[in-house]
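Taking it in order: structure first as structure tokens, then the write-up.
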Amino acid sequence: MSEELATYGGGEAERERRVVDVASHVVAEDGETLVAYGLGACVAVGVRDTVHGVGALAHAVLPERTESGAAAGKFADSAVTAMLHEVVEAGGAYDDVEAFVVGGADIFALPELPQGVGERTATVARETLAGVDVPVVAEAVGGGRGRSVEFDTATGGVVVTTADGTETTLLEGDR
Amino acid sequence: MRLSVDTLGTFYEMARQGAGLAADRLTQMTGVEARVSATRIEFSTPGDVRAELARDGGQAGAAVDLSGGLEGTTIVLFDEARAREMARTLVTDVAGPSDQLLESAIAEVCGIMNNGFVDGWADVLRTEIDISAPAYVAGPSLADLVDGHDDGIALLFRSQIETLGSEVEFEHYFVPAEESAVELFSSPEGVAYENLAGFDRVAQRGADRVSADLSQLTGMAATVDIRRVSFVALDAIPGAVPKDELASVAFSFDGMPSGYLLFLYDRYSARKLVETMVGREPEAGLGSFGRDALKEASNIMASGLLDGWANVLETSIDHSTPAFTWDMGPAAVDPLIVGLSENQEFAFVFDTRIEAADASFDVDVFVIPDERDLERALEAVDVDRVDEATANADDDVDVRDLNDDDLADVEEVLD
């Protein structure tokens, strides 16, 4: 788990911004903005208790857990399970949680690369969430472009950016 | 002496945690938030480290001696200007701090960071390690701190700390006493250390070929900055490339070893390289013409690099056709990581920067081999014969002839 500080609003208001590294997940209890940079085939899964405002973001590499020693955030299934568990531990409730899924692109048309892994990772994330009745309320999955995602856990706002600088609001804050 | 990948994995995690702890302590001391963005282990020898430090790269830091359960020397080094800048933030209550005060602040910071690493090692080894007081070190006399046989073990943990938008790199050298090294790393199976440390020369041979090919393509002399073979967690590799939009050309390669090869060009370098090759400025985003030219240039360099490896390893390595993307650096790397992650957690990575002599463009080249293939390749190579094989390869392959053929391909693309 790692963090950095960023200043918003011309320095008048400071809010914490935490980078979610590859193969990890971060739970934010204090309204921090969680950021996953440069998702290619990787998949970011975000969950948020809309009542209590506890949010979490994972930067998953593969669909399903295969090694017991690896970080939970590396796999979509274990990342979802770990995040939901920790969100509830932090005061959230399953019934109030919504989710979003971003990433899973096929960046290179390189036949030797396993194709469609990103899509499978996203599918496993959806299935794991559906298994515990957590709705996926927004998605930006597949295609051929990399994405970065910024998740404001205070408001629930999610912005997806592509390499050319195009910003798309995936979820409006304070809906 | 042999090193197992599992042992290296343990040491990697300790290095990563040690760097994290070091960043936390920096945060506590300076009040400025810091995070570790990348850590890697590089394999060297005391002889090479001595030579490196004697060249005086303008670094400053602290050295400590270890005794008890683990014997050896460790040195934490920053770029001297950055170290002084950092030290000033610690002594803000002193107006115009003296050099002596700044140096003792640097020694204190580096000493505390070093303790983070050594505490981790002591935990893993379940032993007690005594640490001497940190001494400020700088300049070419750093080389005198390194004991040991020229061809023994010396590890370099290289980490980047990201703090308020800028990146600070620090180096942590660890030169264990010979008995400690055996106790720490020795394994009945695994990679022979001398092959691992000596593999730099194989990589150098490949990089030299890339440089020659690039010079031939562009008519400009190119220089190669090869970094050592490094051992990293796959998931740490995306963090080591710029987040900016880059032109990336990827290949897979198959043989002994197999794996992936990635060329990363920043926007300016991509445009400049294409312009130099084709004699006119490419359209915005390079256009399909420019992209084809960049793919072909990368293809030629990939052939040169892998031929360089194959010559020394006395094997053959085939590579795929190039795949291009214009995307964020980490997004270009992560599909390759995903491809390897199903079977391995760590990778031996070879990264190289090749710059045109007039600094007009540069390219970062990452070779990420399949771990088991690379182990087998390392096993097979006779490092003592690398130089001989390299010399023979020079006789066998005339780079100019190779490039004449390949340049015809470029012309075909451009026609």
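Residues in the structure tokens are numbered from 1 in each chain, the chains being A, B, ... in the order shown, and ligands are numbered from 1 in the order shown.
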Applying 12 Å and only C-alpha atoms, which residues near A:Ala72 remain after dropping the ones on its own chain fewer than 2 positions away? List them as JSON, numbers by chain. {"A": [22, 23, 24, 25, 26, 57, 58, 59, 60, 61, 62, 63, 64, 65, 66, 67, 68, 69, 70, 74, 75, 76, 77, 78, 79, 80, 81, 82, 83, 84, 85, 86]}
Include N, CA and C atoms and write out the residues we just selected as a short mmCIF file (atom, residue, chain, number, x, y, z; two decimals), in the first residue's frame.
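Writing the result to selection-v8.cif gives the following:
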data_model
loop_
_atom_site.label_atom_id
_atom_site.label_comp_id
_atom_site.auth_asym_id
_atom_site.auth_seq_id
_atom_site.Cartn_x
_atom_site.Cartn_y
_atom_site.Cartn_z
N VAL A 22 0.14 -2.10 -9.13
CA VAL A 22 -0.23 -3.34 -9.80
C VAL A 22 -0.25 -4.48 -8.77
N ALA A 23 -1.26 -5.34 -8.85
CA ALA A 23 -1.40 -6.51 -7.98
C ALA A 23 -1.63 -6.14 -6.52
N SER A 24 -2.32 -5.02 -6.29
CA SER A 24 -2.62 -4.67 -4.90
C SER A 24 -4.03 -4.09 -4.81
N HIS A 25 -4.51 -3.92 -3.61
CA HIS A 25 -5.77 -3.22 -3.41
C HIS A 25 -5.64 -2.30 -2.21
N VAL A 26 -6.43 -1.22 -2.22
CA VAL A 26 -6.37 -0.24 -1.13
C VAL A 26 -7.80 0.08 -0.69
N LEU A 57 -10.28 0.10 -4.05
CA LEU A 57 -9.92 -0.09 -5.46
C LEU A 57 -8.83 -1.16 -5.55
N ALA A 58 -8.99 -2.08 -6.52
CA ALA A 58 -7.97 -3.11 -6.75
C ALA A 58 -7.42 -2.95 -8.15
N HIS A 59 -6.16 -3.34 -8.35
CA HIS A 59 -5.49 -3.30 -9.65
C HIS A 59 -5.09 -4.75 -9.96
N ALA A 60 -6.05 -5.51 -10.52
CA ALA A 60 -5.87 -6.96 -10.67
C ALA A 60 -5.17 -7.30 -11.98
N VAL A 61 -4.33 -8.34 -11.93
CA VAL A 61 -3.55 -8.77 -13.08
C VAL A 61 -4.19 -9.96 -13.79
N LEU A 62 -4.68 -10.91 -13.00
CA LEU A 62 -5.19 -12.17 -13.54
C LEU A 62 -6.60 -12.44 -13.02
N PRO A 63 -7.36 -13.33 -13.68
CA PRO A 63 -8.74 -13.57 -13.25
C PRO A 63 -8.85 -14.28 -11.90
N GLU A 64 -8.20 -15.44 -11.78
CA GLU A 64 -8.46 -16.27 -10.60
C GLU A 64 -7.21 -16.61 -9.82
N ARG A 65 -7.38 -16.66 -8.53
CA ARG A 65 -6.25 -16.96 -7.65
C ARG A 65 -5.70 -18.35 -7.93
N THR A 66 -4.38 -18.41 -8.14
CA THR A 66 -3.75 -19.71 -8.36
C THR A 66 -2.66 -19.96 -7.35
N GLU A 67 -2.09 -18.93 -6.77
CA GLU A 67 -1.00 -19.11 -5.80
C GLU A 67 -1.44 -18.54 -4.47
N SER A 68 -1.19 -19.31 -3.42
CA SER A 68 -1.72 -18.90 -2.12
C SER A 68 -0.93 -17.74 -1.52
N GLY A 69 0.37 -17.62 -1.87
CA GLY A 69 1.20 -16.61 -1.21
C GLY A 69 1.06 -15.21 -1.80
N ALA A 70 0.48 -15.12 -3.00
CA ALA A 70 0.46 -13.83 -3.68
C ALA A 70 -0.55 -12.88 -3.02
N LYS A 74 -3.87 -9.22 -6.62
CA LYS A 74 -3.35 -9.66 -7.93
C LYS A 74 -4.44 -10.32 -8.77
N PHE A 75 -5.42 -10.98 -8.11
CA PHE A 75 -6.44 -11.74 -8.83
C PHE A 75 -7.81 -11.10 -8.63
N ALA A 76 -8.64 -11.11 -9.69
CA ALA A 76 -9.94 -10.44 -9.60
C ALA A 76 -10.80 -11.07 -8.51
N ASP A 77 -10.82 -12.41 -8.44
CA ASP A 77 -11.72 -13.03 -7.45
C ASP A 77 -11.29 -12.71 -6.01
N SER A 78 -10.00 -12.90 -5.70
CA SER A 78 -9.57 -12.65 -4.33
C SER A 78 -9.57 -11.16 -4.00
N ALA A 79 -9.35 -10.32 -5.02
CA ALA A 79 -9.37 -8.87 -4.78
C ALA A 79 -10.76 -8.42 -4.36
N VAL A 80 -11.78 -8.92 -5.07
CA VAL A 80 -13.17 -8.54 -4.75
C VAL A 80 -13.51 -9.02 -3.34
N THR A 81 -13.19 -10.27 -3.06
CA THR A 81 -13.50 -10.83 -1.73
C THR A 81 -12.81 -10.03 -0.63
N ALA A 82 -11.51 -9.75 -0.84
CA ALA A 82 -10.75 -9.04 0.20
C ALA A 82 -11.30 -7.63 0.39
N MET A 83 -11.61 -6.95 -0.73
CA MET A 83 -12.10 -5.56 -0.61
C MET A 83 -13.44 -5.52 0.12
N LEU A 84 -14.35 -6.43 -0.26
CA LEU A 84 -15.67 -6.42 0.39
C LEU A 84 -15.53 -6.69 1.88
N HIS A 85 -14.68 -7.65 2.21
CA HIS A 85 -14.44 -7.99 3.62
C HIS A 85 -13.92 -6.77 4.38
N GLU A 86 -12.94 -6.10 3.77
CA GLU A 86 -12.32 -4.97 4.47
C GLU A 86 -13.24 -3.74 4.51
#
Could you write out, as a ChimeraX atom specification, all the residues of stretch 206-376 of chain B that DSSP marks as helix (DSSP H, G or I)? /B:206-218,234-236,238-240,267-278,287-313,329-341,371-376
What residues in chain B lie within 9 Å of chain A, counting only C-alpha atoms, written as a PDB file with N, CA, C and O atoms, in the first residue's frame?
ATOM      1  N   GLY B  20      10.375   0.576   1.321  1.00  0.00           N
ATOM      2  CA  GLY B  20       9.121   1.161   1.813  1.00  0.00           C
ATOM      3  C   GLY B  20       9.315   1.771   3.190  1.00  0.00           C
ATOM      4  O   GLY B  20       8.868   2.890   3.472  1.00  0.00           O
ATOM      5  N   VAL B  32       7.540  15.331   4.324  1.00  0.00           N
ATOM      6  CA  VAL B  32       7.077  15.289   2.940  1.00  0.00           C
ATOM      7  C   VAL B  32       6.748  13.841   2.592  1.00  0.00           C
ATOM      8  O   VAL B  32       7.566  12.951   2.778  1.00  0.00           O
ATOM      9  N   GLU B  33       5.517  13.656   2.078  1.00  0.00           N
ATOM     10  CA  GLU B  33       5.061  12.296   1.774  1.00  0.00           C
ATOM     11  C   GLU B  33       5.941  11.653   0.694  1.00  0.00           C
ATOM     12  O   GLU B  33       6.295  12.285  -0.293  1.00  0.00           O
ATOM     13  N   ALA B  34       6.317  10.399   0.903  1.00  0.00           N
ATOM     14  CA  ALA B  34       7.149   9.704  -0.083  1.00  0.00           C
ATOM     15  C   ALA B  34       6.649   8.281  -0.259  1.00  0.00           C
ATOM     16  O   ALA B  34       6.146   7.674   0.682  1.00  0.00           O
ATOM     17  N   ARG B  35       6.753   7.765  -1.486  1.00  0.00           N
ATOM     18  CA  ARG B  35       6.391   6.374  -1.735  1.00  0.00           C
ATOM     19  C   ARG B  35       7.435   5.737  -2.641  1.00  0.00           C
ATOM     20  O   ARG B  35       8.060   6.418  -3.458  1.00  0.00           O
ATOM     21  N   VAL B  36       7.600   4.432  -2.492  1.00  0.00           N
ATOM     22  CA  VAL B  36       8.566   3.739  -3.340  1.00  0.00           C
ATOM     23  C   VAL B  36       7.868   3.378  -4.642  1.00  0.00           C
ATOM     24  O   VAL B  36       6.818   2.743  -4.636  1.00  0.00           O
ATOM     25  N   SER B  37       8.428   3.822  -5.769  1.00  0.00           N
ATOM     26  CA  SER B  37       7.776   3.509  -7.040  1.00  0.00           C
ATOM     27  C   SER B  37       8.425   2.323  -7.736  1.00  0.00           C
ATOM     28  O   SER B  37       7.825   1.723  -8.609  1.00  0.00           O
ATOM     29  N   GLU B 162       9.172   8.306  -4.938  1.00  0.00           N
ATOM     30  CA  GLU B 162       8.414   9.370  -5.602  1.00  0.00           C
ATOM     31  C   GLU B 162       7.906  10.282  -4.504  1.00  0.00           C
ATOM     32  O   GLU B 162       7.281   9.819  -3.559  1.00  0.00           O
ATOM     33  N   THR B 163       8.224  11.546  -4.626  1.00  0.00           N
ATOM     34  CA  THR B 163       7.773  12.470  -3.592  1.00  0.00           C
ATOM     35  C   THR B 163       7.375  13.803  -4.222  1.00  0.00           C
ATOM     36  O   THR B 163       8.178  14.422  -4.920  1.00  0.00           O
ATOM     37  N   LEU B 164       6.113  14.156  -4.051  1.00  0.00           N
ATOM     38  CA  LEU B 164       5.550  15.383  -4.612  1.00  0.00           C
ATOM     39  C   LEU B 164       5.947  15.598  -6.068  1.00  0.00           C
ATOM     40  O   LEU B 164       6.503  16.626  -6.444  1.00  0.00           O
ATOM     41  N   GLY B 165       5.676  14.580  -6.863  1.00  0.00           N
ATOM     42  CA  GLY B 165       5.853  14.714  -8.303  1.00  0.00           C
ATOM     43  C   GLY B 165       7.261  14.499  -8.815  1.00  0.00           C
ATOM     44  O   GLY B 165       7.473  14.392 -10.010  1.00  0.00           O
ATOM     45  N   ASP B 235       5.147  -7.476 -11.074  1.00  0.00           N
ATOM     46  CA  ASP B 235       4.177  -6.404 -10.849  1.00  0.00           C
ATOM     47  C   ASP B 235       4.840  -5.048 -10.617  1.00  0.00           C
ATOM     48  O   ASP B 235       4.166  -4.027 -10.583  1.00  0.00           O
ATOM     49  N   ALA B 236       6.173  -5.030 -10.429  1.00  0.00           N
ATOM     50  CA  ALA B 236       6.860  -3.751 -10.215  1.00  0.00           C
ATOM     51  C   ALA B 236       7.310  -3.125 -11.537  1.00  0.00           C
ATOM     52  O   ALA B 236       7.694  -1.961 -11.563  1.00  0.00           O
ATOM     53  N   PRO B 238       5.667  -2.271 -14.454  1.00  0.00           N
ATOM     54  CA  PRO B 238       4.929  -1.105 -14.979  1.00  0.00           C
ATOM     55  C   PRO B 238       5.272   0.187 -14.249  1.00  0.00           C
ATOM     56  O   PRO B 238       5.273   1.266 -14.856  1.00  0.00           O
ATOM     57  N   GLY B 239       5.574   0.101 -12.949  1.00  0.00           N
ATOM     58  CA  GLY B 239       5.905   1.298 -12.169  1.00  0.00           C
ATOM     59  C   GLY B 239       7.240   1.905 -12.567  1.00  0.00           C
ATOM     60  O   GLY B 239       7.544   3.034 -12.214  1.00  0.00           O
ATOM     61  N   LYS B 243       4.722   7.286 -17.100  1.00  0.00           N
ATOM     62  CA  LYS B 243       3.260   7.207 -17.257  1.00  0.00           C
ATOM     63  C   LYS B 243       2.802   7.911 -18.539  1.00  0.00           C
ATOM     64  O   LYS B 243       1.655   7.812 -18.934  1.00  0.00           O
ATOM     65  N   ASP B 244       3.731   8.627 -19.177  1.00  0.00           N
ATOM     66  CA  ASP B 244       3.365   9.412 -20.367  1.00  0.00           C
ATOM     67  C   ASP B 244       2.947   8.519 -21.524  1.00  0.00           C
ATOM     68  O   ASP B 244       3.189   7.323 -21.520  1.00  0.00           O
ATOM     69  N   GLU B 245       2.392   9.185 -22.519  1.00  0.00           N
ATOM     70  CA  GLU B 245       2.042   8.484 -23.743  1.00  0.00           C
ATOM     71  C   GLU B 245       3.335   8.157 -24.501  1.00  0.00           C
ATOM     72  O   GLU B 245       4.146   9.041 -24.757  1.00  0.00           O
ATOM     73  N   LEU B 246       3.537   6.904 -24.824  1.00  0.00           N
ATOM     74  CA  LEU B 246       4.759   6.471 -25.494  1.00  0.00           C
ATOM     75  C   LEU B 246       4.405   5.675 -26.741  1.00  0.00           C
ATOM     76  O   LEU B 246       3.363   5.016 -26.789  1.00  0.00           O
ATOM     77  N   VAL B 249       6.740  -0.629 -29.263  1.00  0.00           N
ATOM     78  CA  VAL B 249       6.742  -1.725 -30.227  1.00  0.00           C
ATOM     79  C   VAL B 249       7.135  -2.995 -29.469  1.00  0.00           C
ATOM     80  O   VAL B 249       8.187  -3.033 -28.830  1.00  0.00           O
ATOM     81  N   ALA B 250       6.252  -3.998 -29.520  1.00  0.00           N
ATOM     82  CA  ALA B 250       6.480  -5.223 -28.741  1.00  0.00           C
ATOM     83  C   ALA B 250       6.707  -6.407 -29.669  1.00  0.00           C
ATOM     84  O   ALA B 250       6.177  -6.461 -30.787  1.00  0.00           O
ATOM     85  N   PHE B 251       7.509  -7.343 -29.179  1.00  0.00           N
ATOM     86  CA  PHE B 251       7.758  -8.601 -29.882  1.00  0.00           C
ATOM     87  C   PHE B 251       7.674  -9.721 -28.850  1.00  0.00           C
ATOM     88  O   PHE B 251       7.976  -9.511 -27.676  1.00  0.00           O
ATOM     89  N   SER B 252       7.321 -10.904 -29.294  1.00  0.00           N
ATOM     90  CA  SER B 252       7.593 -12.061 -28.452  1.00  0.00           C
ATOM     91  C   SER B 252       8.760 -12.773 -29.108  1.00  0.00           C
ATOM     92  O   SER B 252       8.991 -12.629 -30.316  1.00  0.00           O
ATOM     93  N   PHE B 253       9.552 -13.493 -28.310  1.00  0.00           N
ATOM     94  CA  PHE B 253      10.636 -14.275 -28.915  1.00  0.00           C
ATOM     95  C   PHE B 253      10.608 -15.679 -28.345  1.00  0.00           C
ATOM     96  O   PHE B 253      10.120 -15.917 -27.238  1.00  0.00           O
ATOM     97  N   SER B 320       8.776 -12.631 -33.116  1.00  0.00           N
ATOM     98  CA  SER B 320       7.528 -12.412 -33.850  1.00  0.00           C
ATOM     99  C   SER B 320       7.629 -11.158 -34.715  1.00  0.00           C
ATOM    100  O   SER B 320       8.606 -10.414 -34.628  1.00  0.00           O
ATOM    101  N   THR B 321       6.594 -10.894 -35.484  1.00  0.00           N
ATOM    102  CA  THR B 321       6.503  -9.605 -36.167  1.00  0.00           C
ATOM    103  C   THR B 321       6.161  -8.546 -35.107  1.00  0.00           C
ATOM    104  O   THR B 321       5.619  -8.877 -34.056  1.00  0.00           O
ATOM    105  N   PRO B 322       6.480  -7.290 -35.378  1.00  0.00           N
ATOM    106  CA  PRO B 322       6.260  -6.256 -34.356  1.00  0.00           C
ATOM    107  C   PRO B 322       4.780  -5.878 -34.182  1.00  0.00           C
ATOM    108  O   PRO B 322       4.014  -5.944 -35.139  1.00  0.00           O
ATOM    109  N   ALA B 323       4.430  -5.502 -32.956  1.00  0.00           N
ATOM    110  CA  ALA B 323       3.092  -4.968 -32.684  1.00  0.00           C
ATOM    111  C   ALA B 323       3.278  -3.576 -32.100  1.00  0.00           C
ATOM    112  O   ALA B 323       4.124  -3.365 -31.241  1.00  0.00           O
ATOM    113  N   PHE B 324       2.495  -2.622 -32.602  1.00  0.00           N
ATOM    114  CA  PHE B 324       2.667  -1.219 -32.215  1.00  0.00           C
ATOM    115  C   PHE B 324       1.505  -0.732 -31.366  1.00  0.00           C
ATOM    116  O   PHE B 324       0.357  -1.125 -31.591  1.00  0.00           O
ATOM    117  N   THR B 325       1.793   0.102 -30.394  1.00  0.00           N
ATOM    118  CA  THR B 325       0.717   0.851 -29.731  1.00  0.00           C
ATOM    119  C   THR B 325       1.239   2.213 -29.316  1.00  0.00           C
ATOM    120  O   THR B 325       2.443   2.396 -29.086  1.00  0.00           O
ATOM    121  N   TRP B 326       0.321   3.162 -29.285  1.00  0.00           N
ATOM    122  CA  TRP B 326       0.658   4.494 -28.781  1.00  0.00           C
ATOM    123  C   TRP B 326      -0.191   4.661 -27.541  1.00  0.00           C
ATOM    124  O   TRP B 326      -1.393   4.891 -27.624  1.00  0.00           O
ATOM    125  N   ASP B 327       0.423   4.492 -26.391  1.00  0.00           N
ATOM    126  CA  ASP B 327      -0.383   4.436 -25.173  1.00  0.00           C
ATOM    127  C   ASP B 327       0.474   4.803 -23.958  1.00  0.00           C
ATOM    128  O   ASP B 327       1.676   5.036 -24.078  1.00  0.00           O
ATOM    129  N   MET B 328      -0.160   4.831 -22.785  1.00  0.00           N
ATOM    130  CA  MET B 328       0.578   5.107 -21.551  1.00  0.00           C
ATOM    131  C   MET B 328       1.622   4.009 -21.335  1.00  0.00           C
ATOM    132  O   MET B 328       1.322   2.824 -21.548  1.00  0.00           O
ATOM    133  N   GLY B 329       2.814   4.380 -20.885  1.00  0.00           N
ATOM    134  CA  GLY B 329       3.889   3.408 -20.714  1.00  0.00           C
ATOM    135  C   GLY B 329       3.468   2.160 -19.932  1.00  0.00           C
ATOM    136  O   GLY B 329       3.639   1.035 -20.415  1.00  0.00           O
ATOM    137  N   PRO B 330       2.879   2.322 -18.736  1.00  0.00           N
ATOM    138  CA  PRO B 330       2.507   1.128 -17.956  1.00  0.00           C
ATOM    139  C   PRO B 330       1.485   0.250 -18.683  1.00  0.00           C
ATOM    140  O   PRO B 330       1.514  -0.972 -18.556  1.00  0.00           O
ATOM    141  N   ALA B 331       0.582   0.891 -19.484  1.00  0.00           N
ATOM    142  CA  ALA B 331      -0.435   0.119 -20.202  1.00  0.00           C
ATOM    143  C   ALA B 331       0.198  -0.722 -21.307  1.00  0.00           C
ATOM    144  O   ALA B 331      -0.331  -1.770 -21.683  1.00  0.00           O
ATOM    145  N   ALA B 332       1.351  -0.257 -21.827  1.00  0.00           N
ATOM    146  CA  ALA B 332       2.044  -1.029 -22.861  1.00  0.00           C
ATOM    147  C   ALA B 332       2.794  -2.213 -22.243  1.00  0.00           C
ATOM    148  O   ALA B 332       2.938  -3.261 -22.858  1.00  0.00           O
ATOM    149  N   VAL B 333       3.265  -2.034 -21.017  1.00  0.00           N
ATOM    150  CA  VAL B 333       4.033  -3.106 -20.373  1.00  0.00           C
ATOM    151  C   VAL B 333       3.106  -4.165 -19.787  1.00  0.00           C
ATOM    152  O   VAL B 333       3.422  -5.356 -19.811  1.00  0.00           O
ATOM    153  N   ASP B 334       1.944  -3.747 -19.302  1.00  0.00           N
ATOM    154  CA  ASP B 334       1.167  -4.705 -18.497  1.00  0.00           C
ATOM    155  C   ASP B 334       0.665  -5.934 -19.254  1.00  0.00           C
ATOM    156  O   ASP B 334       0.610  -7.012 -18.680  1.00  0.00           O
ATOM    157  N   PRO B 335       0.351  -5.844 -20.577  1.00  0.00           N
ATOM    158  CA  PRO B 335      -0.039  -7.096 -21.253  1.00  0.00           C
ATOM    159  C   PRO B 335       1.091  -8.141 -21.239  1.00  0.00           C
ATOM    160  O   PRO B 335       0.826  -9.343 -21.181  1.00  0.00           O
ATOM    161  N   LEU B 336       2.337  -7.679 -21.293  1.00  0.00           N
ATOM    162  CA  LEU B 336       3.466  -8.611 -21.284  1.00  0.00           C
ATOM    163  C   LEU B 336       3.589  -9.243 -19.898  1.00  0.00           C
ATOM    164  O   LEU B 336       3.891 -10.430 -19.746  1.00  0.00           O
ATOM    165  N   ILE B 337       3.340  -8.429 -18.886  1.00  0.00           N
ATOM    166  CA  ILE B 337       3.393  -8.906 -17.502  1.00  0.00           C
ATOM    167  C   ILE B 337       2.292  -9.944 -17.282  1.00  0.00           C
ATOM    168  O   ILE B 337       2.524 -10.986 -16.671  1.00  0.00           O
ATOM    169  N   VAL B 338       1.100  -9.617 -17.794  1.00  0.00           N
ATOM    170  CA  VAL B 338      -0.025 -10.544 -17.659  1.00  0.00           C
ATOM    171  C   VAL B 338       0.337 -11.874 -18.326  1.00  0.00           C
ATOM    172  O   VAL B 338       0.076 -12.953 -17.801  1.00  0.00           O
ATOM    173  N   GLY B 339       1.003 -11.780 -19.503  1.00  0.00           N
ATOM    174  CA  GLY B 339       1.375 -12.986 -20.238  1.00  0.00           C
ATOM    175  C   GLY B 339       2.310 -13.885 -19.452  1.00  0.00           C
ATOM    176  O   GLY B 339       2.252 -15.110 -19.570  1.00  0.00           O
ATOM    177  N   SER B 341       2.714 -13.637 -15.971  1.00  0.00           N
ATOM    178  CA  SER B 341       2.312 -13.775 -14.562  1.00  0.00           C
ATOM    179  C   SER B 341       1.657 -15.105 -14.226  1.00  0.00           C
ATOM    180  O   SER B 341       1.613 -15.493 -13.066  1.00  0.00           O
ATOM    181  N   GLU B 342       1.118 -15.780 -15.266  1.00  0.00           N
ATOM    182  CA  GLU B 342       0.453 -17.046 -14.970  1.00  0.00           C
ATOM    183  C   GLU B 342       1.454 -18.074 -14.460  1.00  0.00           C
ATOM    184  O   GLU B 342       1.095 -18.982 -13.733  1.00  0.00           O
ATOM    185  N   GLU B 345       6.481 -15.228 -10.825  1.00  0.00           N
ATOM    186  CA  GLU B 345       6.208 -14.050 -10.016  1.00  0.00           C
ATOM    187  C   GLU B 345       7.278 -12.977 -10.224  1.00  0.00           C
ATOM    188  O   GLU B 345       7.021 -11.795 -10.110  1.00  0.00           O
TER     189      GLU B 345
END
What lies within 9 Å of B:Ile106 using only C-alpha atoms, ignoring chain neighbours under 6 positions off, as a list in words?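 Final neighbour list, sorted by chain and number: Ala60, Gly61, Ala62, Ala83, Arg84, Met86, Ala87 and Tyr136 of chain B.
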Show me, as number ranges by chain, the residues that have an atom within 12 Å of B:Tyr173 when counting only C-alpha atoms, minus same-chain residues fewer than 5 positions from it. B: 15, 40-46, 48-50, 52-53, 61-65, 72-78, 114, 117, 142-143, 145-146, 153-159
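What separates atom CA of B:Arg16 from atom CA of B:Gln160 is a distance of 10.4 Å.
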Which of stretch 48-164 of chain A end up as strand (DSSP E) when DSSP is run on this backbone - answer as a ChimeraX atom specification? /A:48-49,55-60,97-103,136-141,147-152,157-162
So that I can check the surroundings of stretch 157-161 of chain A, please list as a PyMOL selection string every protein, DNA and RNA residue that reaches within 6 Å of it, counting only C-alpha atoms and ignoring chain neighbours fewer than 2 positions away. chain A and resi 147-152+155+166-173
Residues just named, written with N, CA and C atoms as a short mmCIF file (atom, residue, chain, number, x, y, z; two decimals), in the first residue's frame:
data_model
loop_
_atom_site.label_atom_id
_atom_site.label_comp_id
_atom_site.auth_asym_id
_atom_site.auth_seq_id
_atom_site.Cartn_x
_atom_site.Cartn_y
_atom_site.Cartn_z
N ARG A 147 -5.98 2.68 -19.94
CA ARG A 147 -6.79 3.63 -19.17
C ARG A 147 -6.15 3.87 -17.80
N SER A 148 -6.38 5.06 -17.27
CA SER A 148 -6.09 5.32 -15.85
C SER A 148 -7.43 5.64 -15.20
N VAL A 149 -7.58 5.29 -13.93
CA VAL A 149 -8.85 5.53 -13.25
C VAL A 149 -8.62 6.26 -11.94
N GLU A 150 -9.43 7.28 -11.71
CA GLU A 150 -9.39 8.04 -10.45
C GLU A 150 -10.73 7.88 -9.76
N PHE A 151 -10.69 7.42 -8.54
CA PHE A 151 -11.91 7.08 -7.80
C PHE A 151 -11.94 7.94 -6.54
N ASP A 152 -12.83 8.92 -6.54
CA ASP A 152 -12.98 9.79 -5.38
C ASP A 152 -13.92 9.08 -4.40
N THR A 155 -16.98 11.05 -2.75
CA THR A 155 -18.21 11.36 -3.48
C THR A 155 -18.70 10.19 -4.33
N THR A 166 -8.03 12.18 -23.02
CA THR A 166 -9.50 12.22 -22.96
C THR A 166 -9.98 11.73 -21.60
N GLU A 167 -10.76 12.58 -20.94
CA GLU A 167 -11.32 12.22 -19.63
C GLU A 167 -12.79 11.90 -19.78
N THR A 168 -13.21 10.78 -19.23
CA THR A 168 -14.62 10.40 -19.28
C THR A 168 -15.10 10.19 -17.85
N THR A 169 -16.22 10.82 -17.52
CA THR A 169 -16.79 10.59 -16.19
C THR A 169 -17.58 9.28 -16.24
N LEU A 170 -17.05 8.29 -15.56
CA LEU A 170 -17.72 6.99 -15.56
C LEU A 170 -18.87 7.00 -14.56
N LEU A 171 -18.64 7.62 -13.42
CA LEU A 171 -19.70 7.78 -12.41
C LEU A 171 -19.63 9.20 -11.87
N GLU A 172 -20.76 9.87 -11.82
CA GLU A 172 -20.82 11.21 -11.23
C GLU A 172 -20.66 11.09 -9.72
N GLY A 173 -19.99 12.06 -9.11
CA GLY A 173 -19.89 12.07 -7.66
C GLY A 173 -21.19 12.51 -7.03
#
The distance between atom CA of B:Met1 and atom CA of B:Asp200 is 17.7 Å
Atom CA of A:Ala125 sits from atom CA of A:Ala71 at a separation of 16.0 Å
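Compared by their closest atoms to B:Met277, and using only C-alpha atoms, the residues B:Glu128, B:Pro97, B:Leu214, B:Ala222 rank with B:Leu214 nearest.
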